[in-house]
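Enquirer: So I've got this file, data_21.cif, and it contains mmCIF, C-alpha atoms and all ligand atoms:
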data_query
loop_
_atom_site.group_PDB
_atom_site.id
_atom_site.type_symbol
_atom_site.label_atom_id
_atom_site.label_comp_id
_atom_site.auth_asym_id
_atom_site.auth_seq_id
_atom_site.Cartn_x
_atom_site.Cartn_y
_atom_site.Cartn_z
ATOM 1 C CA MET A 1 0.000 0.000 0.000
ATOM 2 C CA SER A 2 1.288 3.478 -0.812
ATOM 3 C CA THR A 3 2.578 5.543 2.066
ATOM 4 C CA THR A 4 3.087 8.782 0.167
ATOM 5 C CA PRO A 5 0.960 11.487 1.720
ATOM 6 C CA PRO A 6 -1.770 12.996 -0.425
ATOM 7 C CA ALA A 7 -0.202 15.883 -2.333
ATOM 8 C CA GLY A 8 -0.893 19.182 -0.615
ATOM 9 C CA LEU A 9 -0.697 18.018 2.983
ATOM 10 C CA HIS A 10 3.088 18.081 3.594
ATOM 11 C CA PRO A 11 3.319 16.239 6.911
ATOM 12 C CA ARG A 12 6.451 16.313 9.025
ATOM 13 C CA LEU A 13 7.456 12.644 9.156
ATOM 14 C CA PRO A 14 8.906 10.838 10.987
ATOM 15 C CA THR A 15 7.895 12.858 14.031
ATOM 16 C CA PRO A 16 10.570 13.774 16.587
ATOM 17 C CA LEU A 17 11.325 11.620 19.622
ATOM 18 C CA GLN A 18 12.150 13.726 22.651
ATOM 19 C CA GLU A 19 13.886 12.617 25.842
ATOM 20 C CA VAL A 20 12.584 13.968 29.159
ATOM 21 C CA GLU A 21 14.186 13.867 32.599
ATOM 22 C CA ASP A 22 11.631 13.169 35.302
ATOM 23 C CA ASP A 23 12.530 11.842 38.749
ATOM 24 C CA ARG A 24 9.293 9.845 38.981
ATOM 25 C CA PHE A 25 10.715 7.681 36.169
ATOM 26 C CA ASP A 26 14.453 8.117 36.782
ATOM 27 C CA ARG A 27 14.309 6.729 40.319
ATOM 28 C CA HIS A 28 12.766 3.504 39.001
ATOM 29 C CA GLY A 29 15.405 3.151 36.290
ATOM 30 C CA VAL A 30 12.793 3.936 33.601
ATOM 31 C CA ARG A 31 13.540 6.164 30.619
ATOM 32 C CA LEU A 32 10.639 8.323 29.359
ATOM 33 C CA THR A 33 10.518 9.647 25.809
ATOM 34 C CA LEU A 34 7.828 11.660 24.049
ATOM 35 C CA LYS A 35 6.848 10.846 20.466
ATOM 36 C CA ARG A 36 5.845 14.289 19.229
ATOM 37 C CA ASP A 37 3.045 13.341 16.853
ATOM 38 C CA ASP A 38 1.459 16.690 17.675
ATOM 39 C CA LEU A 39 4.034 18.208 15.306
ATOM 40 C CA ILE A 40 2.968 16.237 12.190
ATOM 41 C CA HIS A 41 0.866 19.021 10.784
ATOM 42 C CA PRO A 42 -0.383 22.378 12.074
ATOM 43 C CA ASP A 43 -4.003 21.633 11.094
ATOM 44 C CA LEU A 44 -4.132 17.829 11.309
ATOM 45 C CA PRO A 45 -2.216 16.953 14.443
ATOM 46 C CA GLY A 46 -0.960 13.569 15.364
ATOM 47 C CA ASN A 47 -3.045 10.514 14.980
ATOM 48 C CA LYS A 48 -5.757 12.428 13.103
ATOM 49 C CA TYR A 49 -3.343 12.924 10.216
ATOM 50 C CA ARG A 50 -2.234 9.285 10.306
ATOM 51 C CA LYS A 51 -5.825 8.055 10.403
ATOM 52 C CA LEU A 52 -6.974 10.256 7.545
ATOM 53 C CA ALA A 53 -4.027 9.922 5.137
ATOM 54 C CA LEU A 54 -4.943 6.638 3.400
ATOM 55 C CA ASN A 55 -8.658 7.481 3.515
ATOM 56 C CA LEU A 56 -7.964 10.760 1.721
ATOM 57 C CA GLU A 57 -5.963 8.926 -0.919
ATOM 58 C CA ALA A 58 -8.775 6.436 -1.417
ATOM 59 C CA ALA A 59 -11.374 9.207 -1.663
ATOM 60 C CA LEU A 60 -9.269 11.112 -4.207
ATOM 61 C CA ALA A 61 -8.457 7.995 -6.237
ATOM 62 C CA ALA A 62 -12.145 7.095 -6.548
ATOM 63 C CA ASP A 63 -13.128 10.692 -7.402
ATOM 64 C CA HIS A 64 -15.627 11.107 -4.587
ATOM 65 C CA PRO A 65 -17.097 14.619 -4.633
ATOM 66 C CA ALA A 66 -17.044 14.969 -0.841
ATOM 67 C CA LEU A 67 -15.828 13.527 2.443
ATOM 68 C CA LEU A 68 -18.550 12.856 4.989
ATOM 69 C CA THR A 69 -17.943 11.986 8.604
ATOM 70 C CA PHE A 70 -19.432 12.042 12.098
ATOM 71 C CA GLY A 71 -18.545 13.589 15.425
ATOM 72 C CA GLY A 72 -19.601 15.359 18.592
ATOM 73 C CA ALA A 73 -19.617 19.130 18.957
ATOM 74 C CA TYR A 74 -15.950 19.222 20.034
ATOM 75 C CA SER A 75 -14.618 16.427 17.819
ATOM 76 C CA ASN A 76 -10.948 16.723 16.862
ATOM 77 C CA HIS A 77 -11.661 14.305 14.025
ATOM 78 C CA LEU A 78 -14.343 16.567 12.514
ATOM 79 C CA ARG A 79 -11.943 19.510 12.657
ATOM 80 C CA ALA A 80 -9.122 17.523 11.074
ATOM 81 C CA THR A 81 -11.425 16.309 8.273
ATOM 82 C CA ALA A 82 -12.568 19.856 7.565
ATOM 83 C CA ALA A 83 -8.956 21.060 7.416
ATOM 84 C CA ALA A 84 -7.969 18.196 5.109
ATOM 85 C CA GLY A 85 -10.843 19.067 2.788
ATOM 86 C CA ARG A 86 -9.718 22.680 2.621
ATOM 87 C CA LEU A 87 -6.090 21.719 1.923
ATOM 88 C CA LEU A 88 -7.022 19.153 -0.754
ATOM 89 C CA GLY A 89 -9.840 21.123 -2.332
ATOM 90 C CA MET A 90 -12.488 18.556 -1.395
ATOM 91 C CA ALA A 91 -15.960 19.310 -0.090
ATOM 92 C CA THR A 92 -16.621 18.060 3.441
ATOM 93 C CA ILE A 93 -19.834 17.284 5.287
ATOM 94 C CA GLY A 94 -19.926 16.900 9.065
ATOM 95 C CA MET A 95 -22.740 14.986 10.761
ATOM 96 C CA VAL A 96 -22.847 16.431 14.257
ATOM 97 C CA ARG A 97 -24.405 14.641 17.234
ATOM 98 C CA GLY A 98 -27.353 16.584 18.697
ATOM 99 C CA ASP A 99 -30.017 18.394 16.632
ATOM 100 C CA GLU A 100 -30.558 20.845 19.509
ATOM 101 C CA LEU A 101 -27.226 22.412 18.494
ATOM 102 C CA ALA A 102 -28.721 23.621 15.219
ATOM 103 C CA ASP A 103 -30.398 26.565 16.972
ATOM 104 C CA ARG A 104 -27.358 27.658 18.949
ATOM 105 C CA PRO A 105 -24.316 29.690 18.016
ATOM 106 C CA LEU A 106 -21.493 27.436 16.847
ATOM 107 C CA ASN A 107 -18.829 26.643 19.413
ATOM 108 C CA PRO A 108 -15.232 27.500 18.394
ATOM 109 C CA SER A 109 -14.552 23.949 17.222
ATOM 110 C CA LEU A 110 -17.584 23.816 14.891
ATOM 111 C CA ALA A 111 -16.960 27.408 13.803
ATOM 112 C CA GLN A 112 -13.491 26.317 12.692
ATOM 113 C CA CYS A 113 -15.066 23.434 10.737
ATOM 114 C CA THR A 114 -17.351 25.798 8.829
ATOM 115 C CA ALA A 115 -14.505 28.277 8.290
ATOM 116 C CA ASP A 116 -12.687 25.394 6.589
ATOM 117 C CA GLY A 117 -15.696 24.898 4.327
ATOM 118 C CA MET A 118 -17.372 21.973 6.077
ATOM 119 C CA ARG A 119 -21.135 21.759 5.668
ATOM 120 C CA LEU A 120 -22.630 20.806 9.044
ATOM 121 C CA HIS A 121 -25.724 18.677 9.457
ATOM 122 C CA PHE A 122 -27.106 18.221 12.973
ATOM 123 C CA VAL A 123 -28.470 14.755 13.738
ATOM 124 C CA ASP A 124 -30.804 13.943 16.614
ATOM 125 C CA ARG A 125 -29.173 11.756 19.209
ATOM 126 C CA SER A 126 -31.244 8.615 18.711
ATOM 127 C CA THR A 127 -30.602 8.574 14.939
ATOM 128 C CA TYR A 128 -26.954 9.400 15.564
ATOM 129 C CA ARG A 129 -26.586 6.393 17.850
ATOM 130 C CA ARG A 130 -27.802 4.125 15.010
ATOM 131 C CA LYS A 131 -25.675 5.678 12.249
ATOM 132 C CA ALA A 132 -23.725 2.456 11.611
ATOM 133 C CA ASP A 133 -26.979 0.759 10.525
ATOM 134 C CA PRO A 134 -26.800 0.755 6.685
ATOM 135 C CA GLU A 135 -30.443 1.857 6.303
ATOM 136 C CA ILE A 136 -30.048 4.759 8.726
ATOM 137 C CA LEU A 137 -26.821 5.800 7.023
ATOM 138 C CA ALA A 138 -28.403 5.617 3.563
ATOM 139 C CA ALA A 139 -31.304 7.790 4.764
ATOM 140 C CA LEU A 140 -28.905 10.353 6.236
ATOM 141 C CA LEU A 141 -26.929 10.490 2.991
ATOM 142 C CA ARG A 142 -30.130 10.901 0.977
ATOM 143 C CA GLU A 143 -31.439 13.685 3.240
ATOM 144 C CA THR A 144 -28.245 15.658 2.827
ATOM 145 C CA GLY A 145 -27.862 14.996 -0.890
ATOM 146 C CA ALA A 146 -24.537 13.320 -0.136
ATOM 147 C CA GLU A 147 -25.034 9.852 -1.644
ATOM 148 C CA ASP A 148 -21.692 9.880 -3.499
ATOM 149 C CA SER A 149 -19.625 10.936 -0.506
ATOM 150 C CA TYR A 150 -16.662 9.013 0.842
ATOM 151 C CA VAL A 151 -17.908 8.067 4.327
ATOM 152 C CA ILE A 152 -15.481 7.953 7.233
ATOM 153 C CA PRO A 153 -16.874 6.603 10.526
ATOM 154 C CA GLU A 154 -17.029 8.541 13.806
ATOM 155 C CA GLY A 155 -13.558 9.116 15.201
ATOM 156 C CA GLY A 156 -12.127 8.100 11.819
ATOM 157 C CA SER A 157 -11.364 4.509 12.854
ATOM 158 C CA ASN A 158 -11.728 2.184 9.881
ATOM 159 C CA PRO A 159 -9.218 -0.330 8.439
ATOM 160 C CA LEU A 160 -7.440 2.320 6.318
ATOM 161 C CA ALA A 161 -7.038 4.454 9.442
ATOM 162 C CA VAL A 162 -5.596 1.520 11.371
ATOM 163 C CA GLN A 163 -3.300 0.747 8.448
ATOM 164 C CA GLY A 164 -2.166 4.393 8.448
ATOM 165 C CA CYS A 165 -1.289 4.211 12.147
ATOM 166 C CA THR A 166 1.071 1.269 11.616
ATOM 167 C CA ALA A 167 3.597 3.894 10.463
ATOM 168 C CA LEU A 168 3.620 5.249 14.021
ATOM 169 C CA GLY A 169 4.706 1.838 15.311
ATOM 170 C CA GLU A 170 7.257 1.450 12.518
ATOM 171 C CA GLU A 171 8.847 4.794 13.407
ATOM 172 C CA LEU A 172 9.343 3.476 16.958
ATOM 173 C CA ARG A 173 11.010 0.166 16.031
ATOM 174 C CA GLY A 174 14.285 -0.215 17.901
ATOM 175 C CA ARG A 175 13.588 3.019 19.803
ATOM 176 C CA THR A 176 11.501 1.920 22.794
ATOM 177 C CA ASP A 177 10.182 -1.034 24.803
ATOM 178 C CA VAL A 178 6.656 0.204 25.553
ATOM 179 C CA ALA A 179 4.734 2.631 23.329
ATOM 180 C CA ALA A 180 1.718 4.135 25.087
ATOM 181 C CA VAL A 181 -1.173 6.130 23.663
ATOM 182 C CA ALA A 182 -4.461 7.564 24.937
ATOM 183 C CA CYS A 183 -7.474 5.824 23.386
ATOM 184 C CA GLY A 184 -10.834 7.117 22.236
ATOM 185 C CA THR A 185 -12.030 4.652 19.585
ATOM 186 C CA GLY A 186 -8.744 2.704 19.805
ATOM 187 C CA GLY A 187 -7.928 2.871 16.099
ATOM 188 C CA THR A 188 -4.569 4.464 16.788
ATOM 189 C CA LEU A 189 -3.557 1.773 19.284
ATOM 190 C CA ALA A 190 -4.690 -0.962 16.869
ATOM 191 C CA GLY A 191 -2.322 0.327 14.172
ATOM 192 C CA LEU A 192 0.502 1.328 16.497
ATOM 193 C CA ALA A 193 0.681 -2.169 18.004
ATOM 194 C CA ALA A 194 0.695 -3.811 14.570
ATOM 195 C CA GLY A 195 3.563 -1.586 13.390
ATOM 196 C CA LEU A 196 5.893 -2.369 16.305
ATOM 197 C CA ALA A 197 8.583 -5.065 16.224
ATOM 198 C CA PRO A 198 7.762 -8.380 17.979
ATOM 199 C CA ASP A 199 9.804 -7.507 21.094
ATOM 200 C CA GLN A 200 7.936 -4.249 21.705
ATOM 201 C CA ARG A 201 4.600 -3.702 23.449
ATOM 202 C CA ALA A 202 1.837 -1.137 23.113
ATOM 203 C CA LEU A 203 -0.217 0.154 26.022
ATOM 204 C CA GLY A 204 -3.549 1.942 25.641
ATOM 205 C CA ILE A 205 -5.070 4.310 28.194
ATOM 206 C CA PRO A 206 -8.818 4.687 27.530
ATOM 207 C CA VAL A 207 -10.151 8.191 28.242
ATOM 208 C CA LEU A 208 -13.771 7.016 28.200
ATOM 209 C CA LYS A 209 -15.542 4.926 30.768
ATOM 210 C CA GLY A 210 -16.869 1.743 29.213
ATOM 211 C CA GLY A 211 -15.027 -1.521 29.201
ATOM 212 C CA PHE A 212 -15.822 -2.579 25.614
ATOM 213 C CA LEU A 213 -12.826 -0.942 24.018
ATOM 214 C CA GLY A 214 -10.630 -4.036 24.122
ATOM 215 C CA ASP A 215 -13.169 -5.932 21.981
ATOM 216 C CA ASP A 216 -13.463 -3.012 19.565
ATOM 217 C CA ILE A 217 -9.694 -2.812 19.107
ATOM 218 C CA ALA A 218 -9.360 -6.565 18.568
ATOM 219 C CA GLU A 219 -12.167 -6.345 15.975
ATOM 220 C CA LEU A 220 -10.486 -3.412 14.199
ATOM 221 C CA GLN A 221 -7.269 -5.443 14.022
ATOM 222 C CA ARG A 222 -9.136 -8.482 12.649
ATOM 223 C CA ARG A 223 -10.805 -6.347 9.969
ATOM 224 C CA THR A 224 -7.490 -4.724 9.046
ATOM 225 C CA PHE A 225 -4.903 -7.498 9.403
ATOM 226 C CA GLY A 226 -6.980 -10.681 9.652
ATOM 227 C CA ALA A 227 -6.024 -11.284 13.291
ATOM 228 C CA ARG A 228 -5.543 -9.573 16.648
ATOM 229 C CA THR A 229 -1.906 -8.850 17.471
ATOM 230 C CA PRO A 230 -0.868 -10.178 20.900
ATOM 231 C CA ASN A 231 1.341 -7.242 21.881
ATOM 232 C CA TRP A 232 -1.020 -4.712 23.461
ATOM 233 C CA ASP A 233 -2.982 -4.166 26.666
ATOM 234 C CA LEU A 234 -5.291 -1.541 28.070
ATOM 235 C CA ASP A 235 -5.185 -0.054 31.536
ATOM 236 C CA GLU A 236 -8.712 1.155 32.211
ATOM 237 C CA ARG A 237 -8.062 2.891 35.550
ATOM 238 C CA PHE A 238 -7.271 6.382 34.312
ATOM 239 C CA HIS A 239 -10.398 7.789 32.591
ATOM 240 C CA CYS A 240 -10.998 10.094 35.597
ATOM 241 C CA GLY A 241 -14.787 9.834 35.318
ATOM 242 C CA GLY A 242 -15.152 9.695 31.546
ATOM 243 C CA TYR A 243 -14.644 11.599 28.316
ATOM 244 C CA ALA A 244 -13.550 15.218 28.892
ATOM 245 C CA ARG A 245 -14.027 14.736 32.654
ATOM 246 C CA THR A 246 -11.234 15.702 34.966
ATOM 247 C CA THR A 247 -10.347 15.575 38.640
ATOM 248 C CA PRO A 248 -8.465 18.157 40.714
ATOM 249 C CA GLU A 249 -5.622 15.658 40.920
ATOM 250 C CA LEU A 250 -5.423 15.301 37.123
ATOM 251 C CA THR A 251 -5.482 19.062 36.634
ATOM 252 C CA ALA A 252 -2.724 19.542 39.214
ATOM 253 C CA PHE A 253 -0.702 16.791 37.577
ATOM 254 C CA ALA A 254 -1.027 18.379 34.114
ATOM 255 C CA GLU A 255 -0.053 21.845 35.370
ATOM 256 C CA ASP A 256 2.959 20.404 37.176
ATOM 257 C CA PHE A 257 4.009 18.433 34.084
ATOM 258 C CA GLU A 258 3.807 21.638 32.021
ATOM 259 C CA ASP A 259 6.037 23.422 34.558
ATOM 260 C CA ARG A 260 8.557 20.604 34.647
ATOM 261 C CA HIS A 261 8.849 19.965 30.936
ATOM 262 C CA GLY A 262 7.600 23.043 29.101
ATOM 263 C CA LEU A 263 5.068 21.010 27.132
ATOM 264 C CA SER A 264 1.507 22.273 26.861
ATOM 265 C CA VAL A 265 -0.505 19.226 27.969
ATOM 266 C CA GLU A 266 -3.748 18.620 26.062
ATOM 267 C CA ARG A 267 -6.327 17.792 28.743
ATOM 268 C CA VAL A 268 -8.825 15.384 27.147
ATOM 269 C CA TYR A 269 -6.363 12.692 26.044
ATOM 270 C CA VAL A 270 -2.705 13.454 26.708
ATOM 271 C CA ALA A 271 -3.036 14.461 30.386
ATOM 272 C CA LYS A 272 -4.612 11.088 31.214
ATOM 273 C CA LEU A 273 -1.881 9.236 29.310
ATOM 274 C CA LEU A 274 0.968 11.010 31.108
ATOM 275 C CA TYR A 275 -0.805 10.688 34.456
ATOM 276 C CA ALA A 276 -1.234 6.941 33.879
ATOM 277 C CA LEU A 277 2.391 6.395 32.881
ATOM 278 C CA THR A 278 3.614 8.313 35.908
ATOM 279 C CA ALA A 279 1.382 6.267 38.237
ATOM 280 C CA LEU A 280 2.501 3.014 36.595
ATOM 281 C CA SER A 281 6.156 3.983 36.982
ATOM 282 C CA GLU A 282 5.624 4.826 40.656
ATOM 283 C CA GLU A 283 3.824 1.478 41.117
ATOM 284 C CA GLY A 284 6.901 -0.280 39.765
ATOM 285 C CA ALA A 285 4.996 -1.593 36.747
ATOM 286 C CA PHE A 286 7.995 -1.052 34.444
ATOM 287 C CA ALA A 287 11.167 -3.070 35.073
ATOM 288 C CA PRO A 288 14.360 -1.060 35.586
ATOM 289 C CA GLY A 289 15.990 -0.465 32.204
ATOM 290 C CA THR A 290 12.653 -0.101 30.394
ATOM 291 C CA THR A 291 12.191 2.710 27.885
ATOM 292 C CA VAL A 292 8.605 3.986 27.803
ATOM 293 C CA THR A 293 7.369 6.246 25.031
ATOM 294 C CA ALA A 294 4.304 8.438 25.409
ATOM 295 C CA VAL A 295 2.683 9.273 22.073
ATOM 296 C CA ILE A 296 1.817 12.974 22.295
ATOM 297 C CA THR A 297 -1.195 13.103 19.988
ATOM 298 C CA ALA A 298 -1.902 16.813 20.509
ATOM 299 C CA THR A 299 -0.809 19.856 22.415
ATOM 300 C CA ASP A 300 -3.328 22.357 23.725
ATOM 301 C CA LYS A 301 -4.092 25.222 21.452
ATOM 302 C CA ALA A 302 -7.176 27.016 20.302
ATOM 303 C CA PRO A 303 -8.726 25.353 17.231
ATOM 304 C CA GLY A 304 -7.099 26.634 14.085
ATOM 305 C CA GLN A 305 -4.435 28.555 15.944
ATOM 306 C CA ASP A 306 -1.273 28.664 13.868
ATOM 307 C CA GLN A 307 1.462 26.384 15.090
ATOM 308 C CA SER A 308 3.716 26.606 12.050
ATOM 309 C CA SER A 309 6.644 28.093 13.979
ATOM 310 C CA THR A 310 7.081 24.828 15.884
ATOM 311 C CA SER A 311 6.029 22.430 13.163
ATOM 312 C CA ARG A 312 8.431 23.401 10.407
HETATM 313 C C1 LIG B 401 -8.730 11.230 18.611
HETATM 314 C C2 LIG B 401 -7.627 11.391 19.588
HETATM 315 C C3 LIG B 401 -7.058 10.304 20.293
HETATM 316 C C4 LIG B 401 -7.642 8.909 20.232
HETATM 317 O O1 LIG B 401 -7.545 8.271 19.009
HETATM 318 P P1 LIG B 401 -8.347 6.924 18.750
HETATM 319 O O2 LIG B 401 -7.757 6.381 17.508
HETATM 320 O O3 LIG B 401 -9.789 7.316 18.561
HETATM 321 O O4 LIG B 401 -8.187 6.041 19.919
HETATM 322 C C5 LIG B 401 -5.974 10.536 21.107
HETATM 323 N N1 LIG B 401 -5.478 11.793 21.271
HETATM 324 C C6 LIG B 401 -6.006 12.862 20.640
HETATM 325 C C7 LIG B 401 -5.431 14.205 20.886
HETATM 326 C C8 LIG B 401 -7.097 12.704 19.778
HETATM 327 O O5 LIG B 401 -7.625 13.785 19.178
#
Could the structure of this file be written out as structure tokens, please?

Expert:
Amino acid sequence: MSTTPPAGLHPRLPTPLQEVEDDRFDRHGVRLTLKRDDLIHPDLPGNKYRKLALNLEAALAADHPALLTFGGAYSNHLRATAAAGRLLGMATIGMVRGDELADRPLNPSLAQCTADGMRLHFVDRSTYRRKADPEILAALLRETGAEDSYVIPEGGSNPLAVQGCTALGEELRGRTDVAAVACGTGGTLAGLAAGLAPDQRALGIPVLKGGFLGDDIAELQRRTFGARTPNWDLDERFHCGGYARTTPELTAFAEDFEDRHGLSVERVYVAKLLYALTALSEEGAFAPGTTVTAVITATDKAPGQDQSSTSR
């Protein structure tokens, strides 16, 4: 499968690997490195670029007139899809969860989507929940006049997305023992694990409460590679109450990490990942001599804010 990025996106690949000194790891003989996937692209950070790249190629190759995808009102995936459409000159349609939002002013995330040319369509929550049902999907496409669109699922996790994320694992071959990433849908972990060498492991930190994610990730790997890879685990203890929830302890941890390391810590995903790895190190979960890599999928910035000074 081709790994050339769609012309016009210009990602920074491979992403930098950055060493950090932190006594909570040092005193256990553990080395911590940060895989700066947030620097891939100013508008399509981290895993969102990796998940979209092969889908964009497929959509372009088959001459689809538009990209259509799904997300909540603050979805990073919706924003990344809108930005990709702008950069590639493709129309984009965003199906947003919650028809009550149609009568309200757009939040900054959705405003950025429309500024990038995305057409938004607000879907009532019960229909939205059933969007994977082929009949419901077909009706939604008909209603919006989008029958010929290239459809990307919520969160962007389909087999091409998983395939795209194998490059993240491949970039880490020979560089680490454990590669850890925060999980929403788990597509990134599914690809990351498959791209690693056999002596390396992947660790996923779910940011949602649930318990079904392990099955979803195994299923994504079966659909993509024909089998589950045996080299990953989840630690489900660090969701801090659920998606976008936080605790005073997590907030204090993130602020302290920013002070120590000068990295702006994205709060929905990355804070929980770093918090989990620090707790695991302090628990003695990593043997002395282990190198642990945290995949930094985003840094905090306002949607659309220019980051080009650090990315190129
Ligand atoms: C979407 C996202 C994730 C999770 O990716 P999945 O493939 O859905 O597990 C992690 N970090 C950030 C910053 C994201 O936007």

Enquirer: Could you tell me how far CA of Asp22 (chain A) sits from CA of Arg260 (chain A), in Å to one decimal place?

Expert: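 Separating CA of Arg260 (chain A) from CA of Asp22 (chain A) is a distance of 8.1 Å.
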
Enquirer: List every residue of region 12-69 of chain A that has an atom at most 9 Å from any atom of region 152-176 of chain A, giving for each one its closest atom pair and the distance in Å to one decimal, counting only C-alpha atoms, sorted by chain and then by ascending residue number, as CSV.

Expert:
residue,atom,partner,partner_atom,distance
A:Pro14,CA,A:Glu171,CA,6.5
A:Thr15,CA,A:Glu171,CA,8.1
A:Leu17,CA,A:Leu172,CA,8.8
A:Thr33,CA,A:Thr176,CA,8.4
A:Lys35,CA,A:Leu172,CA,8.5
A:Asp37,CA,A:Leu168,CA,8.6
A:Asn47,CA,A:Cys165,CA,7.1
A:Lys48,CA,A:Gly156,CA,7.8
A:Tyr49,CA,A:Gly164,CA,8.8
A:Arg50,CA,A:Gly164,CA,5.2
A:Lys51,CA,A:Ala161,CA,3.9
A:Leu52,CA,A:Ala161,CA,6.1
A:Ala53,CA,A:Gly164,CA,6.7
A:Leu54,CA,A:Leu160,CA,5.8
A:Asn55,CA,A:Leu160,CA,6.0
A:Ala58,CA,A:Leu160,CA,8.9
A:Leu67,CA,A:Ile152,CA,7.4
A:Leu68,CA,A:Ile152,CA,6.2
A:Thr69,CA,A:Ile152,CA,4.9

Enquirer: Residues as selected, C-alpha atoms, written as an mmCIF file, in the coordinates of the input, can you do that?

Expert:
data_model
loop_
_atom_site.group_PDB
_atom_site.id
_atom_site.type_symbol
_atom_site.label_atom_id
_atom_site.label_comp_id
_atom_site.auth_asym_id
_atom_site.auth_seq_id
_atom_site.Cartn_x
_atom_site.Cartn_y
_atom_site.Cartn_z
ATOM 1 C CA PRO A 14 8.906 10.838 10.987
ATOM 2 C CA THR A 15 7.895 12.858 14.031
ATOM 3 C CA LEU A 17 11.325 11.620 19.622
ATOM 4 C CA THR A 33 10.518 9.647 25.809
ATOM 5 C CA LYS A 35 6.848 10.846 20.466
ATOM 6 C CA ASP A 37 3.045 13.341 16.853
ATOM 7 C CA ASN A 47 -3.045 10.514 14.980
ATOM 8 C CA LYS A 48 -5.757 12.428 13.103
ATOM 9 C CA TYR A 49 -3.343 12.924 10.216
ATOM 10 C CA ARG A 50 -2.234 9.285 10.306
ATOM 11 C CA LYS A 51 -5.825 8.055 10.403
ATOM 12 C CA LEU A 52 -6.974 10.256 7.545
ATOM 13 C CA ALA A 53 -4.027 9.922 5.137
ATOM 14 C CA LEU A 54 -4.943 6.638 3.400
ATOM 15 C CA ASN A 55 -8.658 7.481 3.515
ATOM 16 C CA ALA A 58 -8.775 6.436 -1.417
ATOM 17 C CA LEU A 67 -15.828 13.527 2.443
ATOM 18 C CA LEU A 68 -18.550 12.856 4.989
ATOM 19 C CA THR A 69 -17.943 11.986 8.604
#

Enquirer: Using all atoms listed in the file, which residues have at least one atom no more than 6 Å from ligand LIG 401 (chain B)? Output them as an mmCIF file with C-alpha atoms, in the frame of the given file.

Expert:
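Output file pocket-v2.cif is given in full below:
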data_model
loop_
_atom_site.group_PDB
_atom_site.id
_atom_site.type_symbol
_atom_site.label_atom_id
_atom_site.label_comp_id
_atom_site.auth_asym_id
_atom_site.auth_seq_id
_atom_site.Cartn_x
_atom_site.Cartn_y
_atom_site.Cartn_z
ATOM 1 C CA ASN A 76 -10.948 16.723 16.862
ATOM 2 C CA GLY A 155 -13.558 9.116 15.201
ATOM 3 C CA ALA A 182 -4.461 7.564 24.937
ATOM 4 C CA CYS A 183 -7.474 5.824 23.386
ATOM 5 C CA GLY A 184 -10.834 7.117 22.236
ATOM 6 C CA THR A 185 -12.030 4.652 19.585
ATOM 7 C CA GLY A 186 -8.744 2.704 19.805
ATOM 8 C CA GLY A 187 -7.928 2.871 16.099
ATOM 9 C CA THR A 188 -4.569 4.464 16.788
ATOM 10 C CA TYR A 269 -6.363 12.692 26.044
ATOM 11 C CA THR A 297 -1.195 13.103 19.988
ATOM 12 C CA ALA A 298 -1.902 16.813 20.509
#

Enquirer: Measuring atom to atom with only C-alpha atoms, identify which of A:Ala244, A:Ala84, A:Val270, A:Ala227 is nearest to Leu9 (chain A).

Expert: A:Ala84

Enquirer: Given the file shown, determine the residues that the PyMOL selection byres (((chain A and resi 103-110) around 10) and not hetatm) selects; report them as a ChimeraX atom specification.

Expert: /A:72-76,78-79,82,94,96,99-102,111-116,118,120,122,302-304

Enquirer: Under the rule that all atoms listed in the file are counted, which of A:Val207, A:Leu213, A:Leu32, A:Val265 is the nearest residue to Asp177 (chain A)?

Expert: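 With all atoms listed in the file as the atom set, the closest residue is A:Leu32.
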
Enquirer: Between CA of Thr290 (chain A) and CA of Phe25 (chain A), what is the distance, to one decimal in Å?

Expert: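 These two atoms are separated by 9.9 Å.
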
Enquirer: Just the number, please: distance in Å from CA of Gly85 (chain A) to CA of Pro45 (chain A), one decimal.

Expert: 14.7 Å

Enquirer: Any chance you could resolve the PyMOL selection byres (((chain A and resi 295) around 7) and not hetatm) against this file and give the residues as a count of residues only?

Expert: 10

Enquirer: What do you get, as an MDAnalysis selection string, if you spell out every residue that the PyMOL selection byres (((chain A and resi 233) around 7) and not hetatm) selects here?

Expert: chainID A and resid 202:204 232 234:235

Enquirer: Pick the closest to Ala279 (chain A) from A:Ala254, A:Arg130, A:Asp148, A:Phe238: which is it, counting all atoms listed in the file?

Expert: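 Among the listed residues, the smallest separation from Ala279 (chain A) belongs to A:Phe238.
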
Enquirer: For Arg267 (chain A), work out the shell of residues within 12 Å, counting all atoms listed in the file and skipping chain neighbours fewer than 6 positions away, then give it as a list in words.

Expert: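 Using all atoms listed in the file, the neighbours found are Ala182, Val207, His239, Cys240, Tyr243, Ala244, Arg245, Thr246, Thr247, Leu250, Thr251, Ala252, Phe253, Ala254, Glu255, Phe257, Glu258, Leu273, Leu274, Tyr275, Ile296, Thr297, Ala298, Thr299, Asp300 and Lys301 of chain A.
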
Enquirer: Of the residues A:Leu60, A:Arg27, A:Glu21, A:Leu13, which is the one nearest to Glu283 (chain A), using only C-alpha atoms?

Expert: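 Looking only at the distances to Glu283 (chain A), the closest residue turns out to be A:Arg27.
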
Enquirer: Between A:Arg129, A:Ala66, A:His77, A:Asp26, which residue has the minimum interatomic distance to Gly46 (chain A), considering only C-alpha atoms?

Expert: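 For Gly46 (chain A), the nearest of the given residues is A:His77.
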
Enquirer: Give the answer as one residue: which of A:Val151, A:Val178, A:Leu39, A:Val292 has the shortest atom-to-atom distance to Arg201 (chain A), using all atoms listed in the file?

Expert: A:Val178

Enquirer: Would you list the contacts of Phe225 (chain A) as a PyMOL selection string, taking every protein, DNA or RNA residue within 10 Å and counting only C-alpha atoms, but skipping same-chain residues closer than 2 positions in sequence?

Expert: chain A and resi 159+162-163+190-191+194+219-223+227-229
